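Participant: Below is one structure. I have some questions about it.
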Amino acid sequence: MLFARLARVSQEVAATSARSRKIGLLAELFRDAEAEEAPVVIPYLAGRLPQGRLGVGWKVLSRPVVPAAEPTLTVLDVDARLTELGAVSGAGSQAERMRLVGELMAAATQDEQRFLFGLLSGEVRQGALDAVAVEGLAQATGAPSTDVRRAVMLAGELRTVAERLLADGPEALDEFRLTVGRPVLPMLAHTASSVTEAIDKLGACAVEEKLDGIRVQVHRAGDDVRLYTRTLDDITDRLPELTAAARQLKGERFILDGEVIAFDEGGRPRSFQDIAGRVGSRVDVATAAEAVPVSPVFFDALSVDGRDLLDLPFAARHAELARLVPEPMRVRRTLVAEPADEEARATAERFLVDTIRRGHEGVVLKALDAPYSAGRRGASWLKVKPVHTLDLVVLAAEWGHGRRTGKLSNLHLGARDQDGSFAMLGKTFKGMTDAMLAWQTERLQELAVEDSGHVVTVRPELVVEIAYDGLQRSTRYPAGVTLRFARVVRYREDKTPAEADTVETLLAAHPEVTP
């Protein structure tokens with residue numbers, strides 16, 4: 001398949017809001033794709049590179065290259081060249097990357113260059129494209145979409161299923177079964193604004209603590225224990241405490257879903273950054289374990305004694321979990337058996353308050369009758385947590401790419417510091433409507449003091465309200481911290497920069513994070 005075809009379809013999918021049209025475009029593309037192309041086509045469409053980060057920065061990408069007159073690159077050609085690019089390291093690596101990127105861009109047409117630029121810069125964002133791709137695959141191969149979704153859930157990724165489907169047709173889906181030792185994508189939660197709203201939507205439900213740790217899936221077959229993250233990375237060798245804990249449980253063969261957390265000397269949960277650092281530590285695991293010991297907290301059972309529990313209601317799965325896992329290793333919870341019972345609702349509200357007081361993020365409400373929808377944000381799990389907001393000042397903005405070409409998109413955000421200056425806390429391009437993008441592009445250009453071609457520095461006069469999920473330490477920014485999952489709520493033209501929030505106020509609100 002020519003790379004130009006993929007670039008064109010990507011552009012067409014981005015340009016339409018109709019889900020049925022997106023599915024049709026992808027189905028047509030998959031009908032023409034070879035099986036071996038699927039593991040490349042699917043991540044490219046979603047804006048991901050199979051090779052991961054390639055070390056290609058703005059300096060390399062910003063060099064203009066005369067495009068090719070006619071398309072000649074194939075999808076597999078591009079993949080091979082990017083694999084070569086990803087292998088570059090050592091002395092002279094920057095020059096070699098520049099050479100390889102230049103050769104690739106010279107072989108690409110203008111449209112292909114635009115798509116490559118978006119892939120390499122991370123600016124190809126197609127939202128929840130994998131879900132649409134599942135429907136497109138089903139349509140292209142004649143397989144029931146429910147069967148394709150389940151196969152993806154059990155395989156842990158769409159690429160493998162797509163390759164087998166395109167090679168052997170719908171019959172290939174029979175080989176994808178829940179198996180101990182082969183991780184599945186975890187079920188995720190949607191957001192609700194309050195406990196009351198969540199109960200109204202779910203009915204009878206469990207209210208569980210939402211822990212700010214690392215999601216972990218624990219597989220045990222006899223003495224063999226494997227641990228996987230939510231992205232299906234094998235982290236078994238990094239967390240010997242979890243392996244030991246799994247071997248102490250009653251069952252000999254199971255798959256459990258849970259979270260890895262850590263506590264400080266006072267018994268309060270440590271920051272997400274501390275836990276992530278521990279889970280990410282591959283060298284001298286014994287020293288890391290001594291410095292930050294972690295504990296498992298389980299909240300679901302996917303398989304027990306060779307029985308697939310995914311389709312069972314949550315209440316039945318939790319009963320299996322309780323049979324295997326002692327209470328100290330299970331997530332704290334309360335039940336709302338009668339949604340109309342005002343006392344039950346009040347108990348759920350108090351549970352949220354107590355959970356936050358204990359230092360956790362919030363709660364997750366789970367419908368008691370719902371199956372486990374692995375790999376999806378099921379409507380039967382709803383998370384509720386306090387929303388932190390700040391009024392910050394825009395310090396700069398970056399020119400966008402892909403759908404945001406010609407728009408100032410990624411905002412540089414600052415809080416007031418003690419000396420009257422503004423300390424940058426991070427960046428965000430999230431939460432912006434098309435109308436907001438158009439408005440801020442015009443407004444920020446009026447405030448511009450410098451334009452590097454990539455970043456527009458502006459006078460610090462525009463205040464924006466930012467929602468964020470938490471704070472973490474960062475050596476990249478002057479205050480020593482950065483915002484987690486920042487997104488734009490609205491612009492506050494009614495506020496002056498002198499009324500923006502301060503670094504001191506921010507740090508005081510998050511005493512668990514010390515720069």
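Ligands are numbered from 1 in the order shown, chains are lettered A, B, ... in the order of the structure tokens, and residues start at 1 in each chain.
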So that I can check the surroundings of A:Ala316, please list as a PyMOL selection string every protein, DNA and RNA residue that reaches within 12 Å of it, counting only C-alpha atoms and ignoring chain neighbours fewer than 5 positions away.

Facilitator: chain A and resi 300-304+309-311+321-323+367-372

Participant: Return as an NGL selection string the full set of residues in stretch 176-383 of chain A whose backbone-based DSSP assignment is strand (DSSP E).

Facilitator: :A and (188-191 or 205-210 or 214-221 or 224-228 or 253-261 or 295-304 or 307-308 or 333-336 or 362-367 or 377-383)

Participant: Pick from A:Met436, A:Leu211, A:Val56, A:Leu6: nearest to A:Glu96, with only C-alpha atoms counted?

Facilitator: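 Among A:Met436, A:Leu211, A:Val56, A:Leu6, it is A:Val56 that comes nearest to A:Glu96.
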
Participant: Write out as a PyMOL selection string each polymer residue whose atoms come within 7 Å of A:Val464, counting only C-alpha atoms; drop sequence neighbours fewer than 3 positions from it.

Facilitator: chain A and resi 391-393+490-492

Participant: For the residues in that selection, give me N, CA, C and O atoms as a PDB file, in the first residue's frame.

Facilitator:
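again.pdb, freshly written:
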```
ATOM      1  N   ASP A 391      -6.154  29.844  38.045  1.00  0.00           N
ATOM      2  CA  ASP A 391      -6.119  30.935  37.075  1.00  0.00           C
ATOM      3  C   ASP A 391      -4.652  31.230  36.788  1.00  0.00           C
ATOM      4  O   ASP A 391      -3.920  31.700  37.666  1.00  0.00           O
ATOM      5  N   LEU A 392      -4.213  30.933  35.582  1.00  0.00           N
ATOM      6  CA  LEU A 392      -2.813  31.085  35.199  1.00  0.00           C
ATOM      7  C   LEU A 392      -2.688  32.074  34.051  1.00  0.00           C
ATOM      8  O   LEU A 392      -3.678  32.439  33.404  1.00  0.00           O
ATOM      9  N   VAL A 393      -1.475  32.480  33.778  1.00  0.00           N
ATOM     10  CA  VAL A 393      -1.203  33.454  32.723  1.00  0.00           C
ATOM     11  C   VAL A 393      -0.541  32.738  31.541  1.00  0.00           C
ATOM     12  O   VAL A 393       0.341  31.893  31.738  1.00  0.00           O
ATOM     13  N   ARG A 490     -11.676  27.836  30.481  1.00  0.00           N
ATOM     14  CA  ARG A 490     -12.169  29.052  29.827  1.00  0.00           C
ATOM     15  C   ARG A 490     -11.128  30.156  30.005  1.00  0.00           C
ATOM     16  O   ARG A 490     -10.243  30.060  30.864  1.00  0.00           O
ATOM     17  N   TYR A 491     -11.237  31.176  29.196  1.00  0.00           N
ATOM     18  CA  TYR A 491     -10.402  32.364  29.369  1.00  0.00           C
ATOM     19  C   TYR A 491     -11.088  33.314  30.334  1.00  0.00           C
ATOM     20  O   TYR A 491     -12.312  33.414  30.386  1.00  0.00           O
ATOM     21  N   ARG A 492     -10.266  33.999  31.139  1.00  0.00           N
ATOM     22  CA  ARG A 492     -10.780  34.926  32.145  1.00  0.00           C
ATOM     23  C   ARG A 492     -10.327  36.346  31.807  1.00  0.00           C
ATOM     24  O   ARG A 492      -9.424  36.900  32.442  1.00  0.00           O
TER      25      ARG A 492
END
```

Participant: Any idea what's packed within 10 Å of A:Ala396, counting only C-alpha atoms, ignoring anything in its chain fewer than 6 positions away? Could you give it as a VMD selection string?

Facilitator: chain A and resid 408 to 414 424 427 444 447 to 451 455 to 460

Participant: Determine, for each residue of stretch 97-162 of chain A having at least one atom at most 10 Å from an atom of stretch 24-39 of chain A, the closest pair of atoms and their separation in Å to one decimal, counting only C-alpha atoms; order by chain and ascending number, as CSV.

Facilitator:
```
residue,atom,partner,partner_atom,distance
A:Leu129,CA,A:Leu26,CA,10.0
A:Val132,CA,A:Leu26,CA,8.0
A:Ala133,CA,A:Leu26,CA,6.4
A:Val134,CA,A:Leu26,CA,9.3
A:Glu135,CA,A:Ala27,CA,7.9
A:Gly136,CA,A:Ala27,CA,4.2
A:Leu137,CA,A:Ala27,CA,5.8
A:Ala138,CA,A:Ala27,CA,7.8
A:Gln139,CA,A:Ala27,CA,5.8
A:Ala140,CA,A:Ala27,CA,4.7
A:Thr141,CA,A:Arg31,CA,7.5
A:Glu157,CA,A:Pro39,CA,10.0
A:Leu158,CA,A:Pro39,CA,8.4
A:Arg159,CA,A:Pro39,CA,4.7
A:Thr160,CA,A:Pro39,CA,6.9
A:Val161,CA,A:Ala38,CA,9.1
A:Ala162,CA,A:Ala38,CA,6.1
```

Participant: Can you write just those residues out, C-alpha atoms, as a PDB file, in the first residue's frame?

Facilitator:
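Result file follows (again-v2.pdb):
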```pdb
ATOM      1  CA  LEU A 129      -9.688   6.065  16.595  1.00  0.00           C
ATOM      2  CA  VAL A 132     -13.627   3.239  15.017  1.00  0.00           C
ATOM      3  CA  ALA A 133     -10.914   1.025  13.521  1.00  0.00           C
ATOM      4  CA  VAL A 134     -12.512  -2.017  15.195  1.00  0.00           C
ATOM      5  CA  GLU A 135     -15.780  -1.240  13.411  1.00  0.00           C
ATOM      6  CA  GLY A 136     -13.919  -0.664  10.144  1.00  0.00           C
ATOM      7  CA  LEU A 137     -12.142  -4.006  10.444  1.00  0.00           C
ATOM      8  CA  ALA A 138     -15.417  -5.768  11.145  1.00  0.00           C
ATOM      9  CA  GLN A 139     -17.019  -4.162   8.105  1.00  0.00           C
ATOM     10  CA  ALA A 140     -14.028  -4.951   5.891  1.00  0.00           C
ATOM     11  CA  THR A 141     -13.789  -8.630   6.875  1.00  0.00           C
ATOM     12  CA  GLU A 157      -4.008  -4.755  21.261  1.00  0.00           C
ATOM     13  CA  LEU A 158      -5.752  -4.087  17.971  1.00  0.00           C
ATOM     14  CA  ARG A 159      -2.738  -4.627  15.695  1.00  0.00           C
ATOM     15  CA  THR A 160      -2.435  -8.362  16.362  1.00  0.00           C
ATOM     16  CA  VAL A 161      -6.133  -8.969  15.816  1.00  0.00           C
ATOM     17  CA  ALA A 162      -6.142  -6.908  12.614  1.00  0.00           C
TER      18      ALA A 162
END
```

Participant: Could you please determine the separation between atom CA of A:Leu173 and atom CA of A:Val9 in Å, to one decimal place?

Facilitator: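 According to the coordinates, atom CA of A:Leu173 and atom CA of A:Val9 are separated by 26.2 Å.
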
Participant: By how many Å are atom CA of A:Glu465 and atom CA of A:Arg487 apart?

Facilitator: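 Separation of atom CA of A:Glu465 and atom CA of A:Arg487: 8.7 Å.
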
Participant: Could you please write out, as an NGL selection string, every residue of stretch 50-222 of chain A that DSSP assigns to alpha helix (DSSP H)?

Facilitator: :A and (58-61 or 75-86 or 93-106 or 110-121 or 129-141 or 145-155 or 158-168 or 195-202)

Participant: What does the distance from atom CA of A:Leu2 to atom CA of A:Val78 come to in Å, to one decimal?

Facilitator: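 Pair atom CA of A:Leu2 / atom CA of A:Val78 returns 9.7 Å.
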
Participant: So that I can check the surroundings of stretch 274-288 of chain A, please list as a list in words every protein, DNA and RNA residue that reaches within 7 Å of it, counting only C-alpha atoms and ignoring chain neighbours fewer than 6 positions away.

Facilitator: Gly213, Ile214, Arg238, Ile261 and Ala262 of chain A

Participant: May I ask which of the residues A:Gln273, A:Pro296, A:Glu446, A:Asp305 is the closest one to A:Leu227, counting only C-alpha atoms?

Facilitator: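 Checking each candidate against A:Leu227, we get A:Pro296 as the closest.
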
Participant: Would you mind telling me which residue in A:Arg358, A:Glu12, A:Arg332, A:Cys205 lies nearest to A:Gly266 when using only C-alpha atoms?

Facilitator: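 So, comparing all the options, the nearest one is A:Arg358.
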
Participant: Pick the closest to A:Val489 from A:Thr428, A:Trp439, A:Arg476, A:Val364: which is it, counting only C-alpha atoms?

Facilitator: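 Closest residue, counting only C-alpha atoms: A:Thr428.
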
Participant: Measuring atom to atom with only C-alpha atoms, identify which of A:Gly378, A:Gly431, A:Pro144, A:Pro313 is nearest to A:Pro186.

Facilitator: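 Looking only at the distances to A:Pro186, the closest residue turns out to be A:Gly378.
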